[in-house]
Structure formats: C-alpha cells, structure tokens
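Engineer: See query.cif below, with mmCIF, C-alpha atoms.
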data_model
#
loop_
_atom_site.label_atom_id
_atom_site.label_comp_id
_atom_site.auth_asym_id
_atom_site.auth_seq_id
_atom_site.Cartn_x
_atom_site.Cartn_y
_atom_site.Cartn_z
CA MET O 295 0.00 0.00 0.00
CA GLY O 296 1.17 3.52 -0.69
CA ILE O 297 1.51 5.84 2.27
CA LEU O 298 1.93 9.59 1.87
CA ALA O 299 4.08 11.07 4.65
CA ILE O 300 4.37 14.84 5.03
CA THR O 301 6.91 16.35 7.41
CA ARG O 302 5.94 18.72 10.17
CA ARG O 303 8.60 20.61 12.10
CA GLN O 304 8.28 20.14 15.85
CA GLY O 305 7.92 23.06 18.26
CA ASP O 306 10.68 25.63 18.09
CA THR O 307 13.02 23.54 15.94
CA THR O 308 15.21 25.86 13.91
CA PHE O 309 16.58 25.49 10.40
CA GLU O 310 20.06 25.39 11.95
CA GLN O 311 19.08 22.35 14.03
CA ILE O 312 17.65 20.67 10.94
CA GLN O 313 20.92 21.33 9.08
CA THR O 314 22.96 19.50 11.72
CA LEU O 315 21.28 16.21 10.73
CA GLN O 316 20.91 16.70 6.97
CA VAL O 317 23.74 14.32 6.01
CA PRO O 318 22.72 11.39 8.26
CA GLU O 319 19.05 11.95 7.32
CA ALA O 320 19.88 11.93 3.59
CA ALA O 321 21.96 8.77 4.01
CA GLU O 322 19.07 6.96 5.71
CA VAL O 323 16.56 8.19 3.12
CA TRP O 324 18.88 6.95 0.35
CA ARG O 325 19.09 3.54 2.05
CA LEU O 326 15.28 3.37 2.17
CA ILE O 327 15.00 4.37 -1.49
CA LYS O 328 17.45 1.64 -2.48
CA ALA O 329 15.46 -0.86 -0.37
CA GLY O 330 12.24 0.07 -2.19
CA VAL O 331 10.56 1.46 0.92
CA ILE O 332 10.54 5.08 -0.23
CA GLU O 333 9.14 5.28 -3.75
CA ARG O 334 9.15 9.03 -4.18
CA ILE O 335 10.37 12.13 -2.38
CA ASN O 336 9.44 15.76 -3.05
CA PHE O 337 10.07 19.11 -1.39
CA ASP O 338 7.79 22.14 -1.12
CA PRO O 339 10.06 25.16 -0.55
CA GLU O 340 7.08 27.36 0.28
CA ALA O 341 5.99 25.26 3.26
CA PRO O 342 8.85 24.09 3.77
CA ALA O 343 7.92 20.43 3.87
CA VAL O 344 9.08 17.11 2.48
CA MET O 345 6.59 14.62 1.08
CA LEU O 346 7.43 10.93 0.86
CA VAL O 347 5.50 8.12 -0.76
CA LEU O 348 6.33 4.88 1.00
CA ASN O 349 5.59 1.32 0.02
CA CYS O 350 4.40 -0.18 3.34
CA ALA O 351 1.64 -2.52 4.48
CA ASP O 352 -0.13 0.23 6.43
CA LYS O 353 0.40 3.46 8.38
CA ASP O 354 1.77 1.60 11.40
CA ALA O 355 4.44 -0.05 9.24
CA ALA O 356 5.30 3.31 7.68
CA TRP O 357 5.60 4.94 11.08
CA SER O 358 7.92 2.16 12.31
CA VAL O 359 10.26 3.07 9.42
CA LEU O 360 9.95 6.85 9.78
CA ARG O 361 10.51 6.98 13.54
CA GLU O 362 14.05 5.67 12.95
CA LEU O 363 15.04 8.68 10.85
CA PRO O 364 17.63 10.86 12.62
CA MET O 365 15.49 14.03 12.59
CA VAL O 366 12.50 12.17 14.03
CA ARG O 367 14.66 10.54 16.73
CA ALA O 368 16.04 14.00 17.63
CA GLY O 369 12.49 15.37 17.94
CA PHE O 370 13.00 17.92 15.14
CA ILE O 371 10.25 16.61 12.83
CA THR O 372 7.29 14.29 12.75
CA PHE O 373 5.08 13.09 9.91
CA ASP O 374 1.41 13.25 9.04
CA LEU O 375 0.51 9.96 7.34
CA TYR O 376 -2.17 9.31 4.73
CA ALA O 377 -3.05 5.93 3.17
CA LEU O 378 -3.18 6.09 -0.62
CA GLY O 379 -5.84 3.93 -2.22
CA PRO O 380 -7.36 3.88 -5.66
CA TYR O 381 -9.79 6.67 -6.42
CA THR O 382 -13.05 4.92 -7.25
CA GLN O 383 -15.41 7.87 -7.57
CA LEU O 384 -14.94 8.02 -11.34
CA GLU O 385 -17.00 4.85 -11.52
CA VAL O 386 -20.11 7.04 -11.27
CA LEU O 387 -19.48 7.92 -14.91
CA PHE O 388 -20.19 4.32 -15.87
CA ALA O 389 -22.99 3.48 -13.43
CA PRO O 390 -26.31 2.58 -15.01
CA PRO O 391 -28.93 5.34 -14.72
CA ALA O 392 -31.18 5.04 -11.71
#
Could you show the structure in this file as structure tokens?
Structural biologist:
Amino acid sequence: MGILAITRRQGDTTFEQIQTLQVPEAAEVWRLIKAGVIERINFDPEAPAVMLVLNCADKDAAWSVLRELPMVRAGFITFDLYALGPYTQLEVLFAPPA
C-alpha cells in the first residue's frame, strides 16, 4: 500500500538544528530508497515540507520506518501519514442510470 508522509517541524526547531542532521538523514533516506521502501520524495520550498511516498503494508508499518530517521529521533520533525488507495469515484461515470 502507498503511504503519503508529510513532514511537520516540531515546536521551536530551527533550520540550523535541521541542518545538523541533513547528512545522516539523507543517508538513511537513500538507504530506504534503495530498499524500495521510499518510492518518491518531493520538497515544497514554500511550506517548507518534504513529502514521501512509502511502500508499506499500512500506516503503522510506515511509522515504524519513519521513527528511525535521525530528525525524528532527535524530535526535530514528525510526519502526518495518509493511506493512498485507488480513487473509485470516477466509476459514477459508468454506473447505469437510476
């Protein structure tokens, strides 16, 4: 199942604090990409926020992976998680008339 994970900076965490863990965080993200756990990663510079699409069984499995990231362990960020399923509402276009 696809899981969308969006970062949220915790409390008064500063950009300078985030920078101190950028290299170990990037190394762990790269490991997860190579393992097929992270399928996609994007950045919104206006937020700023990072969006990940993970390949995990469910949100609990995704969280067990994400909580091991250095910035999460340090308490600098957390994630909002959303399960990604197929959008079935287009089927109304093909439903027989009532």
Engineer: If you count all atoms listed in the file, which residues fall within 12 Å of O:Ala341, apart from same-chain ones fewer than 5 positions away, as a count of residues only?
Structural biologist: 5
Engineer: Name the residues in contact with O:Ala356 at a cut-off of 12 Å, using all atoms listed in the file, excluding same-chain residues fewer than 5 positions from it; report them as a ChimeraX atom specification.
Structural biologist: /O:295-300,326,331-332,346-351,361-363,373-377
Engineer: Mind giving me the straight-line distance from atom CA of O:Thr372 to atom CA of O:Thr308 in Å, one decimal?
Structural biologist: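 Computing the Euclidean distance for atom CA of O:Thr372 and atom CA of O:Thr308 yields 14.1 Å.
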Engineer: Mind giving me the straight-line distance from atom CA of O:Pro380 to atom CA of O:Ala320 in Å, one decimal?
Structural biologist: 29.9 Å
Engineer: Could you tell me how far atom CA of O:Ala368 lies from atom CA of O:Leu315, in Å and to one decimal?
Structural biologist: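 These atoms are spaced 8.9 Å apart.
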Engineer: Run the PyMOL selection byres ((chain O and resi 364) around 12) against the file shown and list the residues it catches, as a PDB file with C-alpha atoms, in the frame of the given file.
Structural biologist:
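New file result.pdb:
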ATOM      1  CA  GLN O 311      19.080  22.350  14.030  1.00  0.00           C
ATOM      2  CA  ILE O 312      17.650  20.670  10.940  1.00  0.00           C
ATOM      3  CA  GLN O 313      20.920  21.330   9.080  1.00  0.00           C
ATOM      4  CA  THR O 314      22.960  19.500  11.720  1.00  0.00           C
ATOM      5  CA  LEU O 315      21.280  16.210  10.730  1.00  0.00           C
ATOM      6  CA  GLN O 316      20.910  16.700   6.970  1.00  0.00           C
ATOM      7  CA  VAL O 317      23.740  14.320   6.010  1.00  0.00           C
ATOM      8  CA  PRO O 318      22.720  11.390   8.260  1.00  0.00           C
ATOM      9  CA  GLU O 319      19.050  11.950   7.320  1.00  0.00           C
ATOM     10  CA  ALA O 320      19.880  11.930   3.590  1.00  0.00           C
ATOM     11  CA  ALA O 321      21.960   8.770   4.010  1.00  0.00           C
ATOM     12  CA  GLU O 322      19.070   6.960   5.710  1.00  0.00           C
ATOM     13  CA  VAL O 323      16.560   8.190   3.120  1.00  0.00           C
ATOM     14  CA  VAL O 359      10.260   3.070   9.420  1.00  0.00           C
ATOM     15  CA  LEU O 360       9.950   6.850   9.780  1.00  0.00           C
ATOM     16  CA  ARG O 361      10.510   6.980  13.540  1.00  0.00           C
ATOM     17  CA  GLU O 362      14.050   5.670  12.950  1.00  0.00           C
ATOM     18  CA  LEU O 363      15.040   8.680  10.850  1.00  0.00           C
ATOM     19  CA  MET O 365      15.490  14.030  12.590  1.00  0.00           C
ATOM     20  CA  VAL O 366      12.500  12.170  14.030  1.00  0.00           C
ATOM     21  CA  ARG O 367      14.660  10.540  16.730  1.00  0.00           C
ATOM     22  CA  ALA O 368      16.040  14.000  17.630  1.00  0.00           C
ATOM     23  CA  GLY O 369      12.490  15.370  17.940  1.00  0.00           C
ATOM     24  CA  PHE O 370      13.000  17.920  15.140  1.00  0.00           C
ATOM     25  CA  ILE O 371      10.250  16.610  12.830  1.00  0.00           C
ATOM     26  CA  THR O 372       7.290  14.290  12.750  1.00  0.00           C
TER      27      THR O 372
END
Engineer: Kindly indicate which residue among O:Phe309, O:Ala355, O:Gly330, O:Leu387 lies nearest to O:Pro342, using only C-alpha atoms for the distances.
Structural biologist: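 For O:Pro342, the nearest of the candidates is O:Phe309.
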Engineer: With distances taken over only C-alpha atoms, which of O:Ala392, O:Trp357, O:Pro339, O:Asp352 is nearest to O:Gly379?
Structural biologist: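 Of O:Ala392, O:Trp357, O:Pro339, O:Asp352, the one nearest O:Gly379, counting only C-alpha atoms, is O:Asp352.
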